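Data block below; observations after.
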Number of protein chains: 4
Amino acid sequence: MEQQAEKLQRIVVSALDEVLGLPFKVLDDGFVRVIDYMGSDESVVQAARVSYGKGTRKVQEDRGLIRYLMRHAHTTPFEMCEIKLHVRVPMDAWRQWIRHRTANINEYSTRYSIAIDASQKTPPTEWRHQSKNNKQGSEGFVDAGLGVQLSRQEEELQDYVRKVYNERVEAGVAREQARKDLPLSTYTEAYWKIDLHNLLHFLALRMDERAQYEIRCYANVIGHEIVKRWCPITWEAFLDYHVHAASLSRLEVEIIKAIQSGEPEKATELAIQCGLVPPTGQEMKRSREREDIEAKLKELNMPIPWARR
Amino acid sequence: MEQQAEKLQRIVVSALDEVLGLPFKVLDDGFVRVIDYMGSDESVVQAARVSYGKGTRKVQEDRGLIRYLMRHAHTTPFEMCEIKLHVRVPMDAWRQWIRHRTANINEYSTRYSIAIDASQKTPPTEWRHQSKNNKQGSEGFVDAGLGVQLSRQEEELQDYVRKVYNERVEAGVAREQARKDLPLSTYTEAYWKIDLHNLLHFLALRMDERAQYEIRCYANVIGHEIVKRWCPITWEAFLDYHVHAASLSRLEVEIIKAIQSGEPEKATELAIQCGLVPPTGQEMKRSREREDIEAKLKELNMPIPWARR
Amino acid sequence: MEQQAEKLQRIVVSALDEVLGLPFKVLDDGFVRVIDYMGSDESVVQAARVSYGKGTRKVQEDRGLIRYLMRHAHTTPFEMCEIKLHVRVPMDAWRQWIRHRTANINEYSTRYSIAIDASQKTPPTEWRHQSKNNKQGSEGFVDAGLGVQLSRQEEELQDYVRKVYNERVEAGVAREQARKDLPLSTYTEAYWKIDLHNLLHFLALRMDERAQYEIRCYANVIGHEIVKRWCPITWEAFLDYHVHAASLSRLEVEIIKAIQSGEPEKATELAIQCGLVPPTGQEMKRSREREDIEAKLKELNMPIPWARR
Amino acid sequence: MEQQAEKLQRIVVSALDEVLGLPFKVLDDGFVRVIDYMGSDESVVQAARVSYGKGTRKVQEDRGLIRYLMRHAHTTPFEMCEIKLHVRVPMDAWRQWIRHRTANINEYSTRYSIAIDASQKTPPTEWRHQSKNNKQGSEGFVDAGLGVQLSRQEEELQDYVRKVYNERVEAGVAREQARKDLPLSTYTEAYWKIDLHNLLHFLALRMDERAQYEIRCYANVIGHEIVKRWCPITWEAFLDYHVHAASLSRLEVEIIKAIQSGEPEKATELAIQCGLVPPTGQEMKRSREREDIEAKLKELNMPIPWARR
C-alpha cells in the first residue's frame with residue numbers, strides 16, 4: 001500500500017488489442033467480437049495482493065499465485081477483470097446464454113428495428129440423432145439422404161416464415177407483434193459484458209460436452225480464442241483445475257482409499273451400505289449413481305471392487 | 001429484540017392461500033399460478049423494525065411505516081417477502097421477462113421433453129398498428145378484413161411449423177435441434193421465484209404503458225390479482241408512489257417554482273439556457289426533452305411559459 | 001451492424017487518464033484512486049444503439065440520447081461502463097458501503113496482514129449533535145470545549161486499543177483473533193469495481209443529505225471528481241434527473257392539479273379522504289406523510305390548501 | 001403440467017416448524033433463529049421436474065434425483081427454497097458474512113438505536129496461536145497463564161470503550177458518530193434471507209476448516225441444526241458431494257492413471273514437465289502446488305512417485 005500516490009497507466013494486453021473488433025466466426029453466420037476489456041492476469045495478482053498488503057513480484061510467483069487462487073476457489077480476484085463482447089447468435093442459443101444472470105446485456109431490439117434477416121441453417125450432414133442414454137442430448141447424425149431432405153425443408157420453412165414476417169410489416173403491423181412467429185433460429189445481436197470469474201463459470205458449463213453443440217461452439221471460441229489471449233495464465237489454470245479436473249465424492253474417496261489399502265471387500269461393503277450395490281446373492285439393479293462411480297474408477301484405471309462378484 | 005426466545009408460527013396470508021395453485025388466465029392459453037410464498041406486509045414491518053430495535057405496533061402505524069419506507073426508497077425490508085409463481089408464457093414475452101436478473105428460474109426443457117404443443121394465436125381484431133411516434137410501440141388496430149387474413153395466415157404458419165417439428169422428432173432428430181425453427185409464439189412454462197422488492201421493480205417496468213401489450217397482461221395479473229391479495233398495504237403504497245407518481249427533473253422543479261412565483265419569463269429564461277427553447281426571435285426546433293417537459297406541465301394543469309411567445 | 005468487421009481501438013478518456021492512480025483525499029487519512037476503467041459516455045450511446053441497429057451520430061444527438069435514457073430509466077446501457085477504484089475508508093463507513101451488493105470487492109485482509117495502523121480521528125469541531133427530528137441523523141455540533149475533550153478522549157482510546165492489539169500480536173495471538181477489539185474507526189483498504197449504472201445508484205443514496213457525513217464525503221468525491229471527468233454527459237443527466245429531481249406521489253399530483261385548476265377545497269378534500277387531514281372542525285394530528293407533502297408544496301412555491309383553515 | 005388447475009397447500013416441514021423462532025446459541029452471546037422458510041426437498045424435485053414436464057414420483061426416486069442434481073451441478077432447482085434467519089453475530093464475523101452478496105439483509109441500525117450492549121468475549125483457554133504455515137490461520141492455543149491475562153485485558157478494554165460510548169451518547173453526540181470507536185467484537189443483529197443453493201455455497205466456504213473459527217461456529221449450526229432439519233436429502237447430498245468430496249486437477253488425474261497403470265516413472269515425468277519436480281540429479285525446491293498434490297495422494301493412500309528418488 002506504500003505506492004498509493006503513484007500515477008498509473010491502464011493495463012494493456014497487446015495480444016488482445018491485436019484482435020479488438022475483429023469477428024471470430026461461429027456457426028454459419030454468427031460471430032464473437034471483443035469490443036473492450038479491463039485488466040489482465042496482472043490485475044488478478046494485484047487484487048489478491050491488496051488482501052495481503054503486498055506489492056507486485058516476479059512473473060513466476062504471479063503464476064504460482066494465480067494457480068493457488070484457482071485451486072483454492074479464491075474467486076474474487078478474478079472478478080477484477082471485465083470484458084465486453086459483441087455477439088451474433090441464434091435466438092435458440094441466446095435463450096440458454098442469458099440464463100447466466102451475472103452479465104450486463106444490451107440486445108438488438110426487434111421492437112425498434114426490423115428483425116435481422118438471417119436464420120441459422122443446419123447443413124445436411126449436421127442433423128443430430130436424439131441420444132438414447134441422455135434424454136437431453138444428441139449422438140451421431142442422421143442418414144445423408146434424410147439430412148438433405150431436412151435441410152431443404154428447413155430452408156423452405158425459413159423462407160416462408162420470413163415472407164409472412166415481411167408481409168405483416170408491410171401491412172403496417174407493429175414490429176413487436178409481427179415478429180411473434182419468427183423461428184428460434186433467427187439471429188440476434190448483443191453486447192455482453194461480464195467479469196472474468198463469471199465468464200469462466202459460464203465457460204465451464206457451456207464448454208462441457210453435455211452443453212448443446214451450438215452454444216458450445218460459442219463457448220469454445222470465447223475460451224480458446226479470446227480468454228487465452230487476454231489472461232493466458234488464468235486460462236491455463238482454469239483448464240487444469242476445472243475443465244480437465246475430476247471431482248471425487250465422499251464415497252469415492254473412501255472406496256479409493258480402501259482399494260489402495262488392499263481392502264477391496266471393504267470398498268464393496270461401503271457401496272452396499274449406501275444402497276448402490278446389493279448384498280451378496282442379490283441381483284444388481286440399475287443405479288445412475290453407481291454407474292457414475294464405476295465410470296470414474298475406470299477413468300482412473302482402477303478396478304471396480306464389486307465387478308468380480 | 002427482547003422476545004428473541006419465543007416460539008414462532010409462520011406468517012400466513014389467508015387471502016393468498018385461497019387462490020394457491022389456481023390459474024389466473026392470461027392471453028389465449030397462458031396463466032399465472034401462485035405455488036408458494038413467504039412473508040406478508042407484516043414481514044416488511046418486522047424487517048424495518050429490526051433496524052430500529054423495536055417490536056411490532058398497531059396496524060395503523062404499520063401502514064404508515066410501509067408508506068414511509070416506499071416513499072423514501074428504503075427497499076431492503078421489501079426483500080424479506082418471497083413468492084414463487086408457475087407461469088405459462090409465449091417465448092416471445094418470456095424473452096423480455098427473463099431479462100430481469102434477480103429472480104430464480106426453472107424453465108420447461110425442450111431439450112429433455114417435446115415442446116409444449118401450443119402457440120399464442122392473435123385474434124383478427126388484435127393485430128396492432130406500428131406506432132408513428134414511438135418507434136418501439138404500437139397504436140390502434142389494423143382493418144377487420146386484414147385482421148382476418150393475418151390470423152388465418154398465422155394459423156397456417158403455426159400448423160405448418162409444428163408439422164415440421166413433429167416430422168423431425170419422428171425422424172429421430174434430437175429434440176434440442178428439432179426445436180430450432182419453432183416460432184417465438186410457442187408457449188413455455190417455468191417456475192419463477194422473486195422477492196417483493198424486485199417483483200415491484202419488474203411490475204413498474206412491465207405494467208407501464210410503454211411495455212409490450214403481451215407482457216403487460218402478465219404484469220397486470222401478477223399485480224392486481226396476486227400482490228394485491230398478498231401484501232395489500234405495500235401494493236397500495238406502490239401504486240401511490242410509483243405507478244401513479246410523477247417525477248420532476250431539476251429544470252422542471254425550477255420552472256414550476258418560477259411559474260408559482262409569478263415569474264414565467266424567468267422560467268423561459270431557464271429553458272433557453274438549457275438550449276430547449278431558442279432565444280426570442282428564433283424558430284423553435286423539435287426537442288424530445290422540451291416536449292417531455294411540456295407534457296408534464298400540461299398534466300399538472302400548468303401553463304407552458306414559452307407558449308405565449 | 002454493418003461495420004462489424006472493423007478493427008477497433010479501446011475507448012480512452014483523457015480527462016480520467018490524467019488522474020489515474022492519483023489519490024483524492026477524503027477525511028483525515030482516507031482516499032479514493034481510479035485504478036482502471038472501461039468505456040465512456042460514448043459506450044452508453046453505442047450500447048443503446050445496438051438496440052436500434054444504428055451506427056454512431058454526432059455529439060449533440062449523443063447528449064440527447066443519454067438524457068433520454070436517463071429520463072426514461074433505460075438503465076442497461078449505463079451498465080456497459082465499468083470502473084475500478086482503490087479506496088481507503090474507516091471500517092464504520094465501509095460497513096455501509098459494502099451493503100451495495102452489485103460491486104466486485106477485494107479487501108485488505110487483517111487475517112493475513114497486520115491491521116493498518118490508522119484510525120479515523122474526529123477533530124474537536126466536528127463532533128455532531130444527535131438530531132431531534134431524525135432519529136438516524138445528526139445536526140449541528142457540540143460545544144467547542146466538549147469537542148476538545150471528546151477528541152482527546154478518542155485519541156487516548158485509539159492509542160490504548162492499538163497498544164492492546166500490538167501486545168496480542170507480539171504474544172503470538174493469531175492476527176484473525178487479535179483484531180477483534182479494534183475500533184470501527186480503523187482504516188481498511190479495498191479495490192472496488194462497479195458498473196456505471198450501479199455506481200450512480202450508490203451515489204444517489206450516499207450523496208443524499210440523509211446519508212451519514214463520512215460516507216457522503218466519499219460519494220461526493222467519487223461523483224464530482226471522478227464520474228464527472230469520466231462520463232460528463234451522463235453525470236450532468238444524473239444530476240438533473242436524480243440528484244436535483246423531485247418525485248410527486250399520486251396524491252401530490254392530484255393536489256397540484258386541483259390547486260392549479262383553482263379548486264383548493266378539492267385538494268383538501270383529497271387529503272381528507274386519505275386520512276391525512278381531519279374533517280373540518282376536528283383537530284389536526286401529526287402525520288409524517290402530510291408533513292412530507294407540505295414540504296414538497298412549499299419547495300414548489302405552492303400554497304398548502306388546508307393551511308388556511 | 002397436467003395438474004395445473006389444482007388447488008394447492010403450502011409445503012410444510014414439521015421438523016423445522018418445531019424449532020421456528022427458537023434460538024440456537026452460538027459463541028458466548030450469539031444465536032441463529034429460523035423466522036420463516038419456503039419449500040423443502042420436495043420443491044427441489046418439483047422444480048427439476050418442471051424442466052422434464054413430469055409430475056412427482058416416489059421418495060426413493062426423489063432422493064436419486066436430488067443426488068443427481070447435486071452431483072452434476074444442476075443448481076437452479078435448489079434456488080427454489082428460501083429461508084429467513086434472525087442472527088446475532090459479532091461485527092467482526094459479520095464483516096465476513098456479508099461479503100456473500102446473494103442474500104437479503106436487514107441489520108440492526110446503530111444510527112437509529114443505541115448499540116447492542118454486548119461484545120464477544122474470548123475465554124482464557126481460547127486465545128489461538130498464529131499459524132506458522134498458514135499466514136491467514138491459527139493453530140493451537142496460548143499458554144493458560146497468558147490466556148487469563150489476555151481475557152482480563154479484553155474485559156477492561158471492552159468496559160472502557162463502552163464507557164466512552166455511553167459518555168458520548170449522554171453528551172448529546174449523534175449515535176452514528178458515537179459508535180465509531182466501538183470494538184469489532186460488538187454484537188449486531190440482522191434478518192438474513194437466502195435461497196438454498198446460495199446458502200449451501202456459503203456453508204461450503206464457511207464450514208471449511210480454513211474459515212475463521214467464529215464464523216465456522218455459525219455455519220455449522222446453520223448446516224447441522226437447520227438445513228439438516230429443513231431439507232435432509234439435500235443436506236446429505238451436499239455433505240457427500242461437497243463437504244467431504246475431493247477434487248483432482250488435470251495433472252492429478254494423469255498422475256493417478258500412470259500410477260494405476262504401473263508406470264510411476266511416467267507420473268514423475270509429468271510432474272517434471274510441469275516444473276513441479278526437478279529433473280533427476282537436481283535439488284527439490286519448495287513448491288506449494290507440489291505439496292498440495294502430495295497431500296492429496298497421501299489422503300488417497302497412494303504412493304508419491306518421486307519420493308523414491
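Chain labels A, B, ... are given in the sequence in which chains occur in the C-alpha cells; within each chain residues are numbered consecutively from 1, and ligands are likewise numbered from 1 in the order shown.
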Compute the set of chain B residues within 9 Å of chain C, using only C-alpha atoms, and express it as a PyMOL selection string.
chain B and resi 64+67-68+71+239-254+256-261+287-289+299-302
Expected file contents, prior selection, N, CA and C atoms, as a tab-separated table (two decimals), in the first residue's frame:
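To be explicit, this is the file written out as part.tsv:
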chain	number	residue	atom	x	y	z
B	64	GLY	N	-48.43	3.27	8.07
B	64	GLY	CA	-47.63	4.49	7.96
B	64	GLY	C	-46.17	4.16	7.70
B	67	ARG	N	-45.63	2.88	4.11
B	67	ARG	CA	-45.69	4.01	3.16
B	67	ARG	C	-44.43	4.88	3.27
B	68	TYR	N	-43.93	5.03	4.48
B	68	TYR	CA	-42.70	5.80	4.68
B	68	TYR	C	-41.53	5.12	3.97
B	71	ARG	N	-41.90	5.54	0.24
B	71	ARG	CA	-41.71	6.94	-0.17
B	71	ARG	C	-40.23	7.31	-0.18
B	239	LEU	N	-48.65	1.66	-5.76
B	239	LEU	CA	-49.45	2.40	-6.74
B	239	LEU	C	-49.31	3.91	-6.51
B	240	ASP	N	-49.36	4.32	-5.24
B	240	ASP	CA	-49.31	5.75	-4.92
B	240	ASP	C	-47.95	6.37	-5.22
B	241	TYR	N	-46.89	5.66	-4.92
B	241	TYR	CA	-45.56	6.26	-5.01
B	241	TYR	C	-44.77	5.86	-6.26
B	242	HIS	N	-45.27	4.89	-7.00
B	242	HIS	CA	-44.56	4.53	-8.23
B	242	HIS	C	-45.46	4.57	-9.45
B	243	VAL	N	-46.46	3.70	-9.48
B	243	VAL	CA	-47.27	3.56	-10.69
B	243	VAL	C	-47.96	4.88	-11.06
B	244	HIS	N	-48.55	5.55	-10.07
B	244	HIS	CA	-49.28	6.78	-10.37
B	244	HIS	C	-48.50	8.02	-9.95
B	245	ALA	N	-47.21	7.88	-9.78
B	245	ALA	CA	-46.38	9.02	-9.37
B	245	ALA	C	-45.79	9.70	-10.61
B	246	ALA	N	-45.29	10.90	-10.41
B	246	ALA	CA	-44.59	11.61	-11.48
B	246	ALA	C	-43.26	12.07	-10.93
B	247	SER	N	-42.26	12.23	-11.81
B	247	SER	CA	-41.01	12.76	-11.29
B	247	SER	C	-40.67	14.05	-12.01
B	248	LEU	N	-40.12	14.97	-11.25
B	248	LEU	CA	-39.75	16.29	-11.80
B	248	LEU	C	-38.24	16.41	-11.86
B	249	SER	N	-37.73	16.79	-13.00
B	249	SER	CA	-36.28	16.99	-13.12
B	249	SER	C	-35.90	18.31	-12.45
B	250	ARG	N	-34.60	18.51	-12.29
B	250	ARG	CA	-34.10	19.77	-11.73
B	250	ARG	C	-34.72	20.96	-12.45
B	251	LEU	N	-34.71	20.93	-13.77
B	251	LEU	CA	-35.24	22.05	-14.55
B	251	LEU	C	-36.74	22.21	-14.34
B	252	GLU	N	-37.44	21.09	-14.29
B	252	GLU	CA	-38.90	21.19	-14.08
B	252	GLU	C	-39.22	21.79	-12.72
B	253	VAL	N	-38.46	21.38	-11.71
B	253	VAL	CA	-38.66	21.97	-10.38
B	253	VAL	C	-38.45	23.48	-10.46
B	254	GLU	N	-37.39	23.91	-11.13
B	254	GLU	CA	-37.09	25.35	-11.18
B	254	GLU	C	-38.12	26.11	-12.01
B	256	ILE	N	-41.27	25.25	-12.39
B	256	ILE	CA	-42.51	25.34	-11.60
B	256	ILE	C	-42.39	26.39	-10.51
B	257	LYS	N	-41.22	26.43	-9.86
B	257	LYS	CA	-41.01	27.45	-8.83
B	257	LYS	C	-41.14	28.86	-9.42
B	258	ALA	N	-40.58	29.04	-10.60
B	258	ALA	CA	-40.65	30.36	-11.24
B	258	ALA	C	-42.09	30.70	-11.60
B	259	ILE	N	-42.78	29.73	-12.18
B	259	ILE	CA	-44.19	29.97	-12.53
B	259	ILE	C	-44.99	30.34	-11.29
B	260	GLN	N	-44.77	29.58	-10.22
B	260	GLN	CA	-45.55	29.80	-9.00
B	260	GLN	C	-45.19	31.12	-8.32
B	261	SER	N	-44.00	31.63	-8.61
B	261	SER	CA	-43.60	32.94	-8.06
B	261	SER	C	-44.06	34.07	-8.97
B	287	SER	N	-37.64	19.20	-30.01
B	287	SER	CA	-36.78	18.72	-28.93
B	287	SER	C	-37.60	17.76	-28.07
B	288	ARG	N	-37.18	16.51	-28.06
B	288	ARG	CA	-37.88	15.50	-27.28
B	288	ARG	C	-37.90	15.88	-25.80
B	289	GLU	N	-36.79	16.50	-25.34
B	289	GLU	CA	-36.70	16.84	-23.93
B	289	GLU	C	-37.72	17.94	-23.58
B	299	GLU	N	-49.96	18.08	-17.74
B	299	GLU	CA	-50.59	17.10	-16.85
B	299	GLU	C	-50.90	17.74	-15.49
B	300	LEU	N	-50.05	18.67	-15.06
B	300	LEU	CA	-50.24	19.32	-13.77
B	300	LEU	C	-51.09	20.58	-13.88
B	301	ASN	N	-51.77	20.76	-15.02
B	301	ASN	CA	-52.60	21.95	-15.24
B	301	ASN	C	-51.81	23.24	-15.15
B	302	MET	N	-50.58	23.19	-15.60
B	302	MET	CA	-49.74	24.39	-15.51
B	302	MET	C	-49.53	24.98	-16.90
Considering only C-alpha atoms, return as a PyMOL selection string whatever protein or nucleic-acid residues lie within 12 Å of segment 167-171 of chain D, sequence-local ones (same chain, fewer than 5 positions apart) excluded.
(chain C and resi 127-131+141-143+145-147+149-151+153-154) or (chain D and resi 110-111+113-115+160-162+176-182)
Given the selection you just returned, output its residues as a file containing N, CA and C atoms, formatted as a short mmCIF file (atom, residue, chain, number, x, y, z; two decimals), in the first residue's frame.
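Final output, saved to out-v4.cif:
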data_model
loop_
_atom_site.label_atom_id
_atom_site.label_comp_id
_atom_site.auth_asym_id
_atom_site.auth_seq_id
_atom_site.Cartn_x
_atom_site.Cartn_y
_atom_site.Cartn_z
N TRP C 127 -17.60 17.12 16.19
CA TRP C 127 -18.48 16.16 16.88
C TRP C 127 -19.91 16.64 16.70
N ARG C 128 -20.75 15.84 16.10
CA ARG C 128 -22.10 16.27 15.73
C ARG C 128 -23.14 15.92 16.79
N HIS C 129 -24.13 16.77 16.91
CA HIS C 129 -25.26 16.53 17.81
C HIS C 129 -26.21 15.49 17.22
N GLN C 130 -26.81 14.70 18.10
CA GLN C 130 -27.90 13.83 17.67
C GLN C 130 -29.05 14.72 17.19
N SER C 131 -29.60 14.39 16.03
CA SER C 131 -30.74 15.16 15.50
C SER C 131 -31.98 14.88 16.35
N PHE C 141 -23.20 20.98 15.90
CA PHE C 141 -22.00 20.43 16.54
C PHE C 141 -22.04 20.71 18.03
N VAL C 142 -21.33 19.90 18.77
CA VAL C 142 -21.29 20.12 20.22
C VAL C 142 -20.38 21.32 20.52
N ASP C 143 -20.45 21.79 21.74
CA ASP C 143 -19.63 22.94 22.15
C ASP C 143 -18.14 22.71 21.93
N GLY C 145 -15.63 23.36 23.82
CA GLY C 145 -14.94 22.77 24.97
C GLY C 145 -15.16 21.27 25.02
N LEU C 146 -16.37 20.88 24.87
CA LEU C 146 -16.70 19.45 24.88
C LEU C 146 -15.98 18.73 23.74
N GLY C 147 -15.95 19.39 22.57
CA GLY C 147 -15.29 18.80 21.40
C GLY C 147 -13.83 18.49 21.68
N GLN C 149 -12.46 17.93 24.51
CA GLN C 149 -12.41 16.82 25.47
C GLN C 149 -12.68 15.47 24.78
N LEU C 150 -13.68 15.46 23.89
CA LEU C 150 -14.03 14.22 23.18
C LEU C 150 -12.89 13.76 22.28
N SER C 151 -12.24 14.70 21.61
CA SER C 151 -11.15 14.34 20.71
C SER C 151 -9.95 13.81 21.48
N GLN C 153 -10.12 12.36 24.40
CA GLN C 153 -10.53 11.04 24.89
C GLN C 153 -10.42 10.00 23.77
N GLU C 154 -10.81 10.40 22.55
CA GLU C 154 -10.75 9.45 21.44
C GLU C 154 -9.31 9.05 21.13
N THR D 110 -27.31 1.05 14.28
CA THR D 110 -26.74 1.82 15.39
C THR D 110 -26.72 3.32 15.08
N ARG D 111 -27.30 3.68 13.94
CA ARG D 111 -27.57 5.11 13.72
C ARG D 111 -28.89 5.45 14.42
N SER D 113 -30.60 3.40 16.74
CA SER D 113 -30.74 2.91 18.12
C SER D 113 -29.38 2.83 18.80
N ILE D 114 -29.43 2.75 20.11
CA ILE D 114 -28.21 2.55 20.89
C ILE D 114 -27.61 1.18 20.53
N ALA D 115 -26.30 1.15 20.37
CA ALA D 115 -25.63 -0.11 20.02
C ALA D 115 -25.95 -1.18 21.05
N TYR D 160 -14.10 -0.21 29.11
CA TYR D 160 -13.62 1.17 28.92
C TYR D 160 -14.23 1.78 27.66
N VAL D 161 -14.19 1.04 26.56
CA VAL D 161 -14.69 1.58 25.29
C VAL D 161 -16.20 1.80 25.38
N ARG D 162 -16.90 0.88 26.07
CA ARG D 162 -18.35 1.07 26.23
C ARG D 162 -18.64 2.31 27.07
N GLU D 176 -24.74 7.94 15.34
CA GLU D 176 -23.98 7.48 14.17
C GLU D 176 -22.49 7.80 14.30
N GLN D 177 -22.16 8.77 15.15
CA GLN D 177 -20.77 9.15 15.32
C GLN D 177 -20.20 8.57 16.62
N ALA D 178 -21.05 8.52 17.64
CA ALA D 178 -20.60 7.99 18.93
C ALA D 178 -20.07 6.56 18.80
N ARG D 179 -20.64 5.83 17.85
CA ARG D 179 -20.30 4.41 17.71
C ARG D 179 -18.94 4.15 17.07
N LYS D 180 -18.30 5.18 16.56
CA LYS D 180 -17.17 4.98 15.67
C LYS D 180 -15.98 4.24 16.28
N ASP D 181 -15.87 4.24 17.61
CA ASP D 181 -14.75 3.52 18.22
C ASP D 181 -15.17 2.25 18.94
N LEU D 182 -16.41 1.82 18.72
CA LEU D 182 -16.83 0.53 19.29
C LEU D 182 -15.94 -0.57 18.72
#
Within segment 27-104 of chain C, find each residue whose DSSP state, derived from the backbone, is strand (DSSP E), and express the selection as a PyMOL selection string.
chain C and resi 30-38+82-90+104
